[in-house]
Structures are given as C-alpha cells and as structure tokens.
file my_file_25.cif (mmCIF, C-alpha atoms)
data_query
#
loop_
_atom_site.group_PDB
_atom_site.id
_atom_site.type_symbol
_atom_site.label_atom_id
_atom_site.label_comp_id
_atom_site.auth_asym_id
_atom_site.auth_seq_id
_atom_site.Cartn_x
_atom_site.Cartn_y
_atom_site.Cartn_z
ATOM 1 C CA MET A 1 -90.770 98.398 70.853
ATOM 2 C CA ALA A 2 -88.537 101.180 69.581
ATOM 3 C CA THR A 3 -84.998 99.956 69.136
ATOM 4 C CA SER A 4 -81.745 101.262 67.774
ATOM 5 C CA LEU A 5 -80.077 98.200 66.304
ATOM 6 C CA LEU A 6 -76.465 98.602 65.323
ATOM 7 C CA ALA A 7 -76.577 95.477 63.199
ATOM 8 C CA SER A 8 -77.817 94.804 59.710
ATOM 9 C CA ALA A 9 -79.914 91.717 60.385
ATOM 10 C CA ALA A 10 -82.068 90.119 63.038
ATOM 11 C CA VAL A 11 -79.577 87.286 63.446
ATOM 12 C CA ILE A 12 -76.303 88.642 64.790
ATOM 13 C CA ALA A 13 -73.566 86.427 63.351
ATOM 14 C CA LEU A 14 -70.823 88.442 65.008
ATOM 15 C CA ALA A 15 -68.060 86.009 64.300
ATOM 16 C CA GLY A 16 -68.262 86.785 60.615
ATOM 17 C CA CYS A 17 -67.466 90.477 61.097
ATOM 18 C CA GLY A 18 -63.923 91.734 61.050
ATOM 19 C CA SER A 19 -64.598 94.170 63.889
ATOM 20 C CA THR A 20 -65.471 91.488 66.395
ATOM 21 C CA GLU A 21 -62.092 90.034 67.201
ATOM 22 C CA PRO A 22 -61.642 89.849 70.982
ATOM 23 C CA THR A 23 -58.864 91.833 72.580
ATOM 24 C CA GLY A 24 -57.525 88.854 74.517
ATOM 25 C CA SER A 25 -57.395 85.100 74.087
ATOM 26 C CA VAL A 26 -59.765 82.842 75.974
ATOM 27 C CA ALA A 27 -59.402 79.134 76.544
ATOM 28 C CA VAL A 28 -62.551 77.392 75.344
ATOM 29 C CA SER A 29 -63.797 73.997 76.451
ATOM 30 C CA SER A 30 -65.718 72.731 73.439
ATOM 31 C CA THR A 31 -68.953 70.790 73.770
ATOM 32 C CA PRO A 32 -69.755 67.923 71.370
ATOM 33 C CA VAL A 33 -72.664 68.666 69.068
ATOM 34 C CA SER A 34 -74.327 65.275 69.148
ATOM 35 C CA THR A 35 -74.250 61.795 70.597
ATOM 36 C CA SER A 36 -75.269 58.405 69.255
ATOM 37 C CA ALA A 37 -78.926 57.423 68.957
ATOM 38 C CA ASP A 38 -78.402 54.719 71.589
ATOM 39 C CA ALA A 39 -76.999 57.244 74.055
ATOM 40 C CA LYS A 40 -79.929 59.578 73.426
ATOM 41 C CA ALA A 41 -82.426 56.814 74.084
ATOM 42 C CA ALA A 42 -80.619 55.621 77.204
ATOM 43 C CA THR A 43 -80.022 59.040 78.748
ATOM 44 C CA PRO A 44 -82.916 61.451 78.253
ATOM 45 C CA ASP A 45 -82.191 65.123 78.822
ATOM 46 C CA VAL A 46 -83.464 66.670 82.041
ATOM 47 C CA ALA A 47 -84.741 70.241 82.032
ATOM 48 C CA PRO A 48 -82.365 72.405 84.096
ATOM 49 C CA SER A 49 -83.562 74.214 87.209
ATOM 50 C CA GLU A 50 -81.316 77.255 87.541
ATOM 51 C CA PRO A 51 -82.664 79.979 89.873
ATOM 52 C CA GLY A 52 -85.445 81.964 88.237
ATOM 53 C CA LEU A 53 -85.338 80.034 84.955
ATOM 54 C CA VAL A 54 -88.620 78.809 83.427
ATOM 55 C CA VAL A 55 -87.905 75.960 80.993
ATOM 56 C CA TYR A 56 -90.127 74.431 78.309
ATOM 57 C CA ALA A 57 -89.347 71.354 76.203
ATOM 58 C CA SER A 58 -89.885 72.135 72.525
ATOM 59 C CA ASN A 59 -91.548 69.942 69.930
ATOM 60 C CA TYR A 60 -89.491 71.612 67.213
ATOM 61 C CA SER A 61 -85.865 71.999 66.169
ATOM 62 C CA VAL A 62 -83.761 74.860 67.513
ATOM 63 C CA SER A 63 -84.082 76.846 64.282
ATOM 64 C CA ASP A 64 -87.845 76.317 64.084
ATOM 65 C CA THR A 65 -88.321 77.182 67.755
ATOM 66 C CA VAL A 66 -86.287 80.367 67.312
ATOM 67 C CA SER A 67 -88.393 81.332 64.291
ATOM 68 C CA ARG A 68 -91.563 80.734 66.275
ATOM 69 C CA VAL A 69 -90.274 82.909 69.136
ATOM 70 C CA GLN A 70 -89.469 85.688 66.684
ATOM 71 C CA ARG A 71 -92.922 85.530 65.099
ATOM 72 C CA ALA A 72 -94.629 85.587 68.490
ATOM 73 C CA LEU A 73 -92.579 88.579 69.640
ATOM 74 C CA GLU A 74 -93.112 90.486 66.398
ATOM 75 C CA THR A 75 -96.855 89.969 66.781
ATOM 76 C CA ALA A 76 -96.844 91.223 70.376
ATOM 77 C CA GLY A 77 -94.167 93.902 70.122
ATOM 78 C CA ALA A 78 -90.719 93.644 68.556
ATOM 79 C CA VAL A 79 -87.519 91.609 68.350
ATOM 80 C CA ALA A 80 -84.550 93.661 69.556
ATOM 81 C CA ALA A 81 -81.868 91.113 68.655
ATOM 82 C CA THR A 82 -81.194 87.451 67.964
ATOM 83 C CA VAL A 83 -77.761 86.034 68.793
ATOM 84 C CA ASP A 84 -76.705 82.613 67.495
ATOM 85 C CA PHE A 85 -73.946 81.422 69.839
ATOM 86 C CA GLU A 86 -73.220 78.329 67.757
ATOM 87 C CA LYS A 87 -72.357 80.523 64.756
ATOM 88 C CA LEU A 88 -70.176 82.713 66.935
ATOM 89 C CA ALA A 89 -68.294 79.640 68.122
ATOM 90 C CA GLN A 90 -67.848 78.379 64.570
ATOM 91 C CA GLY A 91 -66.378 81.731 63.597
ATOM 92 C CA ALA A 92 -63.885 81.325 66.426
ATOM 93 C CA GLY A 93 -63.003 77.811 65.253
ATOM 94 C CA GLU A 94 -64.840 76.126 68.129
ATOM 95 C CA THR A 95 -67.846 73.810 68.396
ATOM 96 C CA ILE A 96 -70.789 74.090 70.770
ATOM 97 C CA ARG A 97 -74.298 72.692 70.533
ATOM 98 C CA PRO A 98 -76.991 74.846 68.870
ATOM 99 C CA THR A 99 -77.787 77.717 71.252
ATOM 100 C CA THR A 100 -79.580 80.966 70.376
ATOM 101 C CA VAL A 101 -81.040 83.808 72.433
ATOM 102 C CA VAL A 102 -83.850 86.067 71.216
ATOM 103 C CA ILE A 103 -84.394 89.413 72.966
ATOM 104 C CA GLY A 104 -87.692 91.267 72.661
ATOM 105 C CA GLY A 105 -91.312 91.530 73.674
ATOM 106 C CA ASN A 106 -94.285 93.756 74.332
ATOM 107 C CA PRO A 107 -93.515 97.106 76.036
ATOM 108 C CA LYS A 108 -96.853 96.882 77.854
ATOM 109 C CA ALA A 109 -95.536 93.826 79.701
ATOM 110 C CA ALA A 110 -92.137 95.260 80.637
ATOM 111 C CA SER A 111 -92.991 98.885 81.421
ATOM 112 C CA PRO A 112 -94.827 98.325 84.742
ATOM 113 C CA LEU A 113 -91.758 96.573 86.183
ATOM 114 C CA ILE A 114 -89.438 99.361 85.031
ATOM 115 C CA ALA A 115 -91.826 101.947 86.464
ATOM 116 C CA ALA A 116 -91.721 100.106 89.798
ATOM 117 C CA ASP A 117 -87.896 100.126 89.829
ATOM 118 C CA GLN A 118 -85.733 101.140 86.890
ATOM 119 C CA ARG A 119 -83.087 98.594 87.866
ATOM 120 C CA ALA A 120 -85.397 95.961 86.377
ATOM 121 C CA ALA A 121 -84.454 97.344 82.952
ATOM 122 C CA ILE A 122 -81.170 95.417 83.078
ATOM 123 C CA ASP A 123 -83.211 92.249 82.433
ATOM 124 C CA LEU A 124 -85.707 93.716 79.974
ATOM 125 C CA PRO A 125 -86.832 93.291 77.241
ATOM 126 C CA GLN A 126 -87.393 89.614 78.005
ATOM 127 C CA LYS A 127 -84.887 87.054 76.721
ATOM 128 C CA TYR A 128 -85.736 83.618 75.328
ATOM 129 C CA LEU A 129 -82.914 81.073 75.173
ATOM 130 C CA VAL A 130 -83.304 78.102 72.828
ATOM 131 C CA TRP A 131 -80.805 75.244 72.847
ATOM 132 C CA GLN A 132 -80.240 71.608 71.979
ATOM 133 C CA ALA A 133 -79.161 69.604 75.012
ATOM 134 C CA ALA A 134 -76.587 66.803 75.033
ATOM 135 C CA ASN A 135 -78.970 64.043 73.986
ATOM 136 C CA GLY A 136 -80.961 66.007 71.450
ATOM 137 C CA THR A 137 -83.833 67.562 73.415
ATOM 138 C CA VAL A 138 -84.596 71.156 72.458
ATOM 139 C CA PHE A 139 -85.402 73.463 75.363
ATOM 140 C CA LEU A 140 -86.594 77.054 75.618
ATOM 141 C CA ALA A 141 -86.035 79.113 78.771
ATOM 142 C CA TYR A 142 -86.779 82.613 79.992
ATOM 143 C CA ASN A 143 -86.307 84.535 83.238
ATOM 144 C CA SER A 144 -89.374 84.429 85.455
ATOM 145 C CA ALA A 145 -91.076 87.710 86.297
ATOM 146 C CA GLU A 146 -90.452 86.881 89.960
ATOM 147 C CA TYR A 147 -86.712 86.547 89.342
ATOM 148 C CA ILE A 148 -86.477 89.874 87.508
ATOM 149 C CA ALA A 149 -88.569 91.604 90.167
ATOM 150 C CA THR A 150 -86.603 90.184 93.088
ATOM 151 C CA LEU A 151 -83.261 91.276 91.660
ATOM 152 C CA ALA A 152 -84.672 94.799 91.268
ATOM 153 C CA GLY A 153 -86.157 94.869 94.768
ATOM 154 C CA ILE A 154 -89.782 94.737 93.578
ATOM 155 C CA PRO A 155 -92.194 92.650 95.700
ATOM 156 C CA VAL A 156 -93.200 89.500 93.829
ATOM 157 C CA SER A 157 -96.799 90.139 94.906
ATOM 158 C CA SER A 158 -96.870 93.346 92.842
ATOM 159 C CA ASP A 159 -99.371 93.624 89.994
ATOM 160 C CA ALA A 160 -96.468 94.948 87.911
ATOM 161 C CA LEU A 161 -95.413 91.337 87.267
ATOM 162 C CA ASP A 162 -98.706 90.212 85.748
ATOM 163 C CA GLY A 163 -98.157 91.284 82.148
ATOM 164 C CA LEU A 164 -94.625 89.916 81.867
ATOM 165 C CA ARG A 165 -95.567 86.656 83.571
ATOM 166 C CA ALA A 166 -98.488 86.011 81.223
ATOM 167 C CA GLY A 167 -96.754 87.258 78.082
ATOM 168 C CA SER A 168 -93.606 85.198 78.617
ATOM 169 C CA ALA A 169 -95.572 82.003 79.223
ATOM 170 C CA SER A 170 -97.704 82.614 76.143
ATOM 171 C CA THR A 171 -94.651 83.187 73.938
ATOM 172 C CA ALA A 172 -92.936 80.064 75.275
ATOM 173 C CA SER A 173 -96.019 77.914 74.757
ATOM 174 C CA ASP A 174 -96.559 79.199 71.214
ATOM 175 C CA ALA A 175 -92.901 78.686 70.315
ATOM 176 C CA THR A 176 -92.500 75.181 71.736
ATOM 177 C CA GLY A 177 -95.941 73.649 71.285
ATOM 178 C CA SER A 178 -95.874 72.744 74.992
ATOM 179 C CA SER A 179 -98.708 73.867 77.235
ATOM 180 C CA ALA A 180 -96.717 73.867 80.476
ATOM 181 C CA ALA A 181 -93.169 74.366 81.693
ATOM 182 C CA ALA A 182 -90.976 71.300 82.173
ATOM 183 C CA ALA A 183 -89.093 72.968 85.039
ATOM 184 C CA GLU A 184 -89.128 76.184 87.030
ATOM 185 C CA GLY A 185 -86.214 77.356 89.147
ATOM 186 C CA THR A 186 -88.025 78.405 92.295
ATOM 187 C CA ASP A 187 -85.036 79.941 94.093
ATOM 188 C CA VAL A 188 -85.478 83.609 93.217
ATOM 189 C CA SER A 189 -83.792 85.128 96.247
ATOM 190 C CA ALA A 190 -81.949 88.367 95.557
ATOM 191 C CA ALA A 191 -78.299 87.896 94.647
ATOM 192 C CA PRO A 192 -76.028 90.193 96.704
ATOM 193 C CA GLY A 193 -74.016 92.490 94.476
ATOM 194 C CA TYR A 194 -76.005 91.632 91.345
ATOM 195 C CA LEU A 195 -75.612 95.103 89.841
ATOM 196 C CA VAL A 196 -72.348 97.026 89.678
ATOM 197 C CA GLU A 197 -73.706 100.580 89.697
ATOM 198 C CA LYS A 198 -72.268 104.099 89.407
ATOM 199 C CA THR A 199 -73.668 107.586 88.915
ATOM 200 C CA SER A 200 -72.980 109.373 85.636
ATOM 201 C CA ASP A 201 -72.164 113.015 84.950
ATOM 202 C CA ALA A 202 -74.027 112.870 81.622
ATOM 203 C CA SER A 203 -77.568 112.257 80.385
ATOM 204 C CA VAL A 204 -78.911 108.754 79.850
ATOM 205 C CA ALA A 205 -78.466 108.986 76.076
ATOM 206 C CA ALA A 206 -74.945 110.393 76.422
ATOM 207 C CA SER A 207 -74.020 107.687 78.930
ATOM 208 C CA ILE A 208 -75.204 104.985 76.527
ATOM 209 C CA ALA A 209 -73.212 106.656 73.744
ATOM 210 C CA ARG A 210 -70.150 106.447 76.000
ATOM 211 C CA TYR A 211 -70.779 102.737 76.481
ATOM 212 C CA GLU A 212 -70.974 102.238 72.718
ATOM 213 C CA ALA A 213 -67.784 104.234 72.156
ATOM 214 C CA ALA A 214 -65.996 102.158 74.792
ATOM 215 C CA PHE A 215 -67.184 98.950 73.109
ATOM 216 C CA ALA A 216 -65.918 100.169 69.742
ATOM 217 C CA ALA A 217 -62.545 101.105 71.234
ATOM 218 C CA LYS A 218 -62.134 97.449 72.234
ATOM 219 C CA ASN A 219 -63.329 96.169 68.841
ATOM 220 C CA GLN A 220 -66.491 94.755 70.386
ATOM 221 C CA PRO A 221 -69.715 95.409 68.450
ATOM 222 C CA THR A 222 -72.868 96.887 69.915
ATOM 223 C CA VAL A 223 -75.507 94.218 69.296
ATOM 224 C CA ALA A 224 -78.556 96.353 70.108
ATOM 225 C CA THR A 225 -79.598 99.443 72.029
ATOM 226 C CA VAL A 226 -83.168 99.764 73.299
ATOM 227 C CA ASP A 227 -84.743 103.026 74.468
ATOM 228 C CA LEU A 228 -87.220 101.612 76.964
ATOM 229 C CA ALA A 229 -88.809 104.960 77.824
ATOM 230 C CA SER A 230 -89.565 105.733 74.179
ATOM 231 C CA ALA A 231 -90.925 102.232 73.670
ATOM 232 C CA ALA A 232 -93.209 102.410 76.709
ATOM 233 C CA ALA A 233 -96.808 102.334 75.591
ATOM 234 C CA GLU A 234 -99.242 103.111 78.389
ATOM 235 C CA THR A 235 -96.836 103.480 81.327
ATOM 236 C CA PRO A 236 -94.799 106.717 81.338
ATOM 237 C CA LEU A 237 -91.156 106.064 82.190
ATOM 238 C CA ARG A 238 -88.243 108.281 83.091
ATOM 239 C CA PRO A 239 -85.301 108.038 80.634
ATOM 240 C CA THR A 240 -84.120 104.425 80.641
ATOM 241 C CA MET A 241 -81.969 102.659 78.044
ATOM 242 C CA VAL A 242 -80.221 99.306 77.792
ATOM 243 C CA THR A 243 -77.411 98.303 75.443
ATOM 244 C CA TYR A 244 -75.865 94.935 74.560
ATOM 245 C CA VAL A 245 -72.321 94.168 73.410
ATOM 246 C CA GLY A 246 -70.926 91.007 71.837
ATOM 247 C CA ASN A 247 -67.615 89.240 72.412
ATOM 248 C CA PRO A 248 -67.541 85.909 70.526
ATOM 249 C CA ALA A 249 -64.619 84.476 72.502
ATOM 250 C CA VAL A 250 -66.312 85.158 75.832
ATOM 251 C CA SER A 251 -69.730 83.863 74.783
ATOM 252 C CA THR A 252 -68.183 80.710 73.312
ATOM 253 C CA ALA A 253 -66.240 79.997 76.496
ATOM 254 C CA LEU A 254 -69.171 80.593 78.848
ATOM 255 C CA VAL A 255 -71.907 78.937 76.781
ATOM 256 C CA GLY A 256 -69.514 76.066 76.143
ATOM 257 C CA ALA A 257 -69.170 75.667 79.906
ATOM 258 C CA GLN A 258 -72.941 75.789 80.509
ATOM 259 C CA GLN A 259 -75.524 76.336 77.775
ATOM 260 C CA THR A 260 -78.023 78.063 80.054
ATOM 261 C CA MET A 261 -75.472 80.869 80.483
ATOM 262 C CA GLY A 262 -76.772 82.076 77.127
ATOM 263 C CA ILE A 263 -79.776 83.603 78.913
ATOM 264 C CA ASP A 264 -77.341 86.080 80.501
ATOM 265 C CA LEU A 265 -75.474 86.916 77.295
ATOM 266 C CA PRO A 266 -74.578 89.026 75.417
ATOM 267 C CA ALA A 267 -73.271 91.389 78.084
ATOM 268 C CA ARG A 268 -75.756 94.144 78.895
ATOM 269 C CA TYR A 269 -75.585 97.599 80.431
ATOM 270 C CA VAL A 270 -78.314 99.956 81.617
ATOM 271 C CA ALA A 271 -78.583 103.715 82.133
ATOM 272 C CA TRP A 272 -81.493 105.471 83.817
ATOM 273 C CA GLN A 273 -82.469 108.814 85.312
ATOM 274 C CA ASP A 274 -84.070 108.566 88.749
ATOM 275 C CA ALA A 275 -86.800 110.720 90.295
ATOM 276 C CA GLU A 276 -84.203 113.232 91.538
ATOM 277 C CA GLY A 277 -82.693 113.605 88.083
ATOM 278 C CA ILE A 278 -79.548 111.611 88.899
ATOM 279 C CA VAL A 279 -78.320 109.353 86.098
ATOM 280 C CA HIS A 280 -77.121 105.863 86.981
ATOM 281 C CA VAL A 281 -75.187 103.341 84.878
ATOM 282 C CA ALA A 282 -74.829 99.669 85.756
ATOM 283 C CA HIS A 283 -74.086 96.130 84.637
ATOM 284 C CA PRO A 284 -74.569 92.692 86.244
ATOM 285 C CA ASP A 285 -71.575 91.182 88.033
ATOM 286 C CA ILE A 286 -70.380 88.337 85.802
ATOM 287 C CA ARG A 287 -69.423 86.292 88.871
ATOM 288 C CA VAL A 288 -73.006 86.403 90.151
ATOM 289 C CA LEU A 289 -74.295 85.355 86.733
ATOM 290 C CA ALA A 290 -71.782 82.512 86.506
ATOM 291 C CA ALA A 291 -72.743 81.243 89.963
ATOM 292 C CA ARG A 292 -76.375 81.124 88.868
ATOM 293 C CA HIS A 293 -75.386 78.656 86.142
ATOM 294 C CA SER A 294 -72.958 76.644 88.301
ATOM 295 C CA ILE A 295 -69.913 77.810 86.350
ATOM 296 C CA SER A 296 -66.782 77.450 88.453
ATOM 297 C CA PRO A 297 -65.672 80.698 90.127
ATOM 298 C CA THR A 298 -62.121 79.816 89.077
ATOM 299 C CA ASN A 299 -63.027 79.905 85.372
ATOM 300 C CA PRO A 300 -60.305 82.174 83.909
ATOM 301 C CA VAL A 301 -62.788 84.039 81.720
ATOM 302 C CA LEU A 302 -64.569 85.579 84.705
ATOM 303 C CA ASP A 303 -61.757 87.845 85.919
ATOM 304 C CA MET A 304 -61.211 89.150 82.397
ATOM 305 C CA VAL A 305 -64.912 89.854 81.892
ATOM 306 C CA ALA A 306 -65.263 91.470 85.326
ATOM 307 C CA ALA A 307 -62.437 93.878 84.553
ATOM 308 C CA ALA A 308 -63.781 94.697 81.090
ATOM 309 C CA THR A 309 -67.374 95.278 82.204
ATOM 310 C CA THR A 310 -66.278 97.502 85.083
ATOM 311 C CA GLY A 311 -64.114 99.470 82.670
ATOM 312 C CA PHE A 312 -67.067 100.013 80.343
ATOM 313 C CA THR A 313 -69.279 101.268 83.181
ATOM 314 C CA ASP A 314 -66.489 103.546 84.415
ATOM 315 C CA ALA A 315 -66.279 105.018 80.921
ATOM 316 C CA ALA A 316 -70.046 105.491 80.735
ATOM 317 C CA SER A 317 -70.137 107.251 84.100
ATOM 318 C CA GLY A 318 -67.400 109.692 83.146
ATOM 319 C CA SER A 319 -64.965 108.456 85.778
ATOM 320 C CA GLY A 320 -63.022 106.362 83.296
ATOM 321 C CA SER A 321 -62.789 108.868 80.470
#
call {"tool": "encode", "arguments": {"input": "my_file_25.cif", "output": "structure tokens"}}
result
Amino acid sequence: MATSLLASAAVIALAGCGSTEPTGSVAVSSTPVSTSADAKAATPDVAPSEPGLVVYASNYSVSDTVSRVQRALETAGAVAATVDFEKLAQGAGETIRPTTVVIGGNPKAASPLIAADQRAAIDLPQKYLVWQAANGTVFLAYNSAEYIATLAGIPVSSDALDGLRAGSASTASDATGSSAAAAEGTDVSAAPGYLVEKTSDASVAASIARYEAAFAAKNQPTVATVDLASAAAETPLRPTMVTYVGNPAVSTALVGAQQTMGIDLPARYVAWQDAEGIVHVAHPDIRVLAARHSISPTNPVLDMVAAATTGFTDAASGSGS
C-alpha cells in the first residue's frame, strides 16, 4: 500500500518529540498497569463487546502480538503506522496499560469497499488494536467489515466485504495464535451523525495538505497519510486519501478512560472526489466514537476534541482559511 509517512519510524513515539505538545491541558484518569497474581487468578478478563468490534485473545505479550500483526500486514500489503499509546502516556507523565494500534493491510481487501462508497475510507486501511487488560490478558481487536460497511451505507450482503472480512480474520489469527474470536460486537447499526462532512474548494491532495498544515499550526504531528487511490491494486478508485494526526494528551485521556478507544485513535480525516468531481472532506464525530466505547458524554476532553476536529475540517474545506 502506497503511503506517505511523516514519521521516521514504524512505531510513532510522539511523546518524545518536541513538536507534539498539546495546545491545551487535559485531565487524565490514569489506569494501573498491573494487579496482583491473586487478583488475576480470581478475576479473569472478559473480552469486550463494543459495537462492530471483533476481539481475539492472544497467546503472546502485547509487544510480540504487535510484531506479529506487523509481519502479517507487511506480507499481505503494508503497515501505514504503529502508535504506542502507553509510550505517549509515559511522555506525558501518565500511566496506562500497554495499548498499541497498528494501521495497515492489503489494498485488494480495502479497495472494493471504497469503490462501493468512498466514505468507507475513513475506516481504512484496517486497524488492529492490541492491549493488556486489567488482569493481564492480551487482546487484539479490529473493526468488522460489517461495521465499516454499515457506517458507509454499504449493504452488509455486498461481496465488497469479502476480502476485508477474510483478511482481517486471518491477520488476527496469525497474530494471536487463536483460531476464533473471543467476542464479536454484533450491533453494527449505523450511528447517526458519524461523519462530519463538508465540500472542499480544492483538490483531494490540496485538501489533505490543508489538513496537515492545520495540524502543524497547532503543534500536532501528522502520523501518516495514505493515498488509497494510488494504493488500489485491481479496483480503480477516484481520488481518495486519509490522514492521521496525533495528540498525546487526548489519546492518553481517552485510552485511559477505555482502552478499546484506541481502535478509533489517532484522529483521522478523509478527502475524496465523487463521481461528479466534487471534493468532500470529513472526520468522525468524537462524541459518536466515545459513545461506542461507553465513555461518558460529559468527559471534558470531548468538547475540546469536537471543536478541534471541526476546525481542521473547516480549514481543509477552505471555509476556515
């Protein structure tokens, strides 16, 4: 998969970079890293069942599972980015349990969904979240093909889901050593207002460049930018790009509140040109994402993130410049 990575390594340890200081302070509720052996034995971890989340229990440590995900993705396609939220938290002086997301996959699996509806690009390439739960169990989770399709308005019966469904399950099984999922969130109903969308007065590439400039103006680093149309193998796509931006304070606060929130971080933005030549820019509503992971709607981080993400999309569209 062709990517433009504005980072020097596969693991994005953003907290160690001077340019990543957040523009505002965020109250963080820290999560203890470990518990006693007796507590682990008495209270086994239960695989979560958030909507659209497919969860595998891993037979390996977090670091080994992450490495196995990366190898599987590199064999099938490419790794766009790896973000270690625990390292980000440490850089901010906070503590959360080991939690890492790996973004990447095979363009052949993702392209049919994007061809069916370009809005699906906001959740592609696929993301694999690996984390250590409270009592030591290591889990891996990814978004089901049905979840991604439903949010984009694609019928779940479409053949476009087949490649992503099979590829994601294969990667998860290879990475965890588990042959079947421990849990699957079956509620994949469309979330009203999932995407905050505007039209842009510039090309897709120029709109993405505006996003990146807006990130830089707020001292927030671009984690990765993926040109999905260029990466498409056998399925021709209209111009479609997605970009990711990191904010260590925000990710620490939200992942600290609920580890599965890492599947929806770092923040992502999409730009695409439709069949009529109109360019659209969009991002997911942070409140919808938080509700998916049972994060309180009164969490003070959400209003700040909602304002910032809307500002970035305004800038990308040309209405905020």
call {"tool": "residues_near_point", "arguments": {"input": "my_file_25.cif", "point": "(-75.8, 95.3, 88.4)", "cutoff": "9 Å", "atoms": "all atoms listed in the file", "output": "list in words"}}
result
Arg119, Ile122, Gly193, Tyr194, Leu195, Val196, Glu197, Tyr269, Val270, Val281, Ala282, His283, Pro284 and Asp285 of chain A
call {"tool": "atom_distance", "arguments": {"input": "my_file_25.cif", "atom1": "atom CA of A:Ala166", "atom2": "atom CA of A:Ile154"}}
result
17.5 Å
call {"tool": "residues_around", "arguments": {"input": "my_file_25.cif", "residues": "A:Thr309", "least_positions_apart": "2", "cutoff": "9 Å", "atoms": "all atoms listed in the file", "output": "list of chain:residue names"}}
result
A:Ala267, A:Tyr269, A:His283, A:Pro284, A:Asp285, A:Ile286, A:Met304, A:Val305, A:Ala306, A:Ala307, A:Gly311, A:Phe312, A:Thr313, A:Asp314
call {"tool": "closest_residue", "arguments": {"input": "my_file_25.cif", "among": "A:Leu73, A:Ala78, A:Ala290, A:Ala271", "to": "A:Asp201", "atoms": "all atoms listed in the file"}}
result
A:Ala271
call {"tool": "residues_around", "arguments": {"input": "my_file_25.cif", "residues": "A:Ser49", "least_positions_apart": "3", "cutoff": "8 Å", "atoms": "all atoms listed in the file", "output": "list in words"}}
result
Leu53, Val54, Val55, Ala183, Glu184, Gly185 and Thr186 of chain A
call {"tool": "resolve_selection", "arguments": {"input": "my_file_25.cif", "expression": "the PyMOL selection byres ((chain A and resi 152) around 12)", "output": "VMD selection string"}}
result
chain A and resid 113 to 124 145 to 151 153 to 156 161 188 to 195 284
call {"tool": "closest_residue", "arguments": {"input": "my_file_25.cif", "among": "A:Gly167, A:Pro221, A:Pro48, A:Pro300", "to": "A:Pro266", "atoms": "only C-alpha atoms"}}
result
A:Pro221
call {"tool": "closest_residue", "arguments": {"input": "my_file_25.cif", "among": "A:Arg238, A:Arg68, A:Lys127, A:Lys87", "to": "A:Arg268", "atoms": "only C-alpha atoms"}}
result
A:Lys127
call {"tool": "resolve_selection", "arguments": {"input": "my_file_25.cif", "expression": "the PyMOL selection byres ((chain A and resi 46) around 10)", "output": "MDAnalysis selection string"}}
result
chainID A and resid 43:45 47:49 57 133:135 137 139 182:183
call {"tool": "residues_around", "arguments": {"input": "my_file_25.cif", "residues": "A:Thr252", "least_positions_apart": "4", "cutoff": "9 Å", "atoms": "only C-alpha atoms", "output": "short mmCIF file (atom, residue, chain, number, x, y, z; two decimals) with C-alpha atoms, keeping the file's coordinate frame"}}
result
data_model
loop_
_atom_site.label_atom_id
_atom_site.label_comp_id
_atom_site.auth_asym_id
_atom_site.auth_seq_id
_atom_site.Cartn_x
_atom_site.Cartn_y
_atom_site.Cartn_z
CA VAL A 28 -62.55 77.39 75.34
CA SER A 29 -63.80 74.00 76.45
CA SER A 30 -65.72 72.73 73.44
CA PHE A 85 -73.95 81.42 69.84
CA GLU A 86 -73.22 78.33 67.76
CA LEU A 88 -70.18 82.71 66.94
CA ALA A 89 -68.29 79.64 68.12
CA ALA A 92 -63.88 81.32 66.43
CA GLU A 94 -64.84 76.13 68.13
CA THR A 95 -67.85 73.81 68.40
CA ILE A 96 -70.79 74.09 70.77
CA ASN A 247 -67.61 89.24 72.41
CA PRO A 248 -67.54 85.91 70.53
CA GLY A 256 -69.51 76.07 76.14
CA ALA A 257 -69.17 75.67 79.91
#
call {"tool": "build_atoms", "arguments": {"input": "my_file_25.cif", "residues": "stretch 288-300 of chain A", "atoms": "N, CA and C atoms", "output": "PDB file, keeping the file's coordinate frame"}}
result
ATOM      1  N   VAL A 288     -71.671  86.762  89.665  1.00  0.00           N
ATOM      2  CA  VAL A 288     -73.006  86.403  90.151  1.00  0.00           C
ATOM      3  C   VAL A 288     -73.756  85.617  89.077  1.00  0.00           C
ATOM      4  N   LEU A 289     -73.636  86.059  87.828  1.00  0.00           N
ATOM      5  CA  LEU A 289     -74.295  85.355  86.733  1.00  0.00           C
ATOM      6  C   LEU A 289     -73.724  83.948  86.577  1.00  0.00           C
ATOM      7  N   ALA A 290     -72.413  83.823  86.654  1.00  0.00           N
ATOM      8  CA  ALA A 290     -71.782  82.512  86.506  1.00  0.00           C
ATOM      9  C   ALA A 290     -72.218  81.563  87.620  1.00  0.00           C
ATOM     10  N   ALA A 291     -72.314  82.078  88.837  1.00  0.00           N
ATOM     11  CA  ALA A 291     -72.743  81.243  89.963  1.00  0.00           C
ATOM     12  C   ALA A 291     -74.161  80.731  89.749  1.00  0.00           C
ATOM     13  N   ARG A 292     -75.002  81.552  89.160  1.00  0.00           N
ATOM     14  CA  ARG A 292     -76.375  81.124  88.868  1.00  0.00           C
ATOM     15  C   ARG A 292     -76.387  79.868  88.006  1.00  0.00           C
ATOM     16  N   HIS A 293     -75.424  79.769  87.091  1.00  0.00           N
ATOM     17  CA  HIS A 293     -75.386  78.656  86.142  1.00  0.00           C
ATOM     18  C   HIS A 293     -74.351  77.596  86.524  1.00  0.00           C
ATOM     19  N   SER A 294     -73.896  77.639  87.766  1.00  0.00           N
ATOM     20  CA  SER A 294     -72.958  76.644  88.301  1.00  0.00           C
ATOM     21  C   SER A 294     -71.658  76.578  87.516  1.00  0.00           C
ATOM     22  N   ILE A 295     -71.223  77.719  86.989  1.00  0.00           N
ATOM     23  CA  ILE A 295     -69.913  77.810  86.350  1.00  0.00           C
ATOM     24  C   ILE A 295     -68.883  78.070  87.438  1.00  0.00           C
ATOM     25  N   SER A 296     -67.788  77.361  87.404  1.00  0.00           N
ATOM     26  CA  SER A 296     -66.782  77.450  88.453  1.00  0.00           C
ATOM     27  C   SER A 296     -66.289  78.882  88.644  1.00  0.00           C
ATOM     28  N   PRO A 297     -66.184  79.348  89.883  1.00  0.00           N
ATOM     29  CA  PRO A 297     -65.672  80.698  90.127  1.00  0.00           C
ATOM     30  C   PRO A 297     -64.211  80.860  89.734  1.00  0.00           C
ATOM     31  N   THR A 298     -63.523  79.739  89.499  1.00  0.00           N
ATOM     32  CA  THR A 298     -62.121  79.816  89.077  1.00  0.00           C
ATOM     33  C   THR A 298     -61.977  79.835  87.557  1.00  0.00           C
ATOM     34  N   ASN A 299     -63.095  79.826  86.833  1.00  0.00           N
ATOM     35  CA  ASN A 299     -63.027  79.905  85.372  1.00  0.00           C
ATOM     36  C   ASN A 299     -62.243  81.161  84.982  1.00  0.00           C
ATOM     37  N   PRO A 300     -61.175  81.025  84.198  1.00  0.00           N
ATOM     38  CA  PRO A 300     -60.305  82.174  83.909  1.00  0.00           C
ATOM     39  C   PRO A 300     -60.980  83.294  83.133  1.00  0.00           C
TER      40      PRO A 300
END
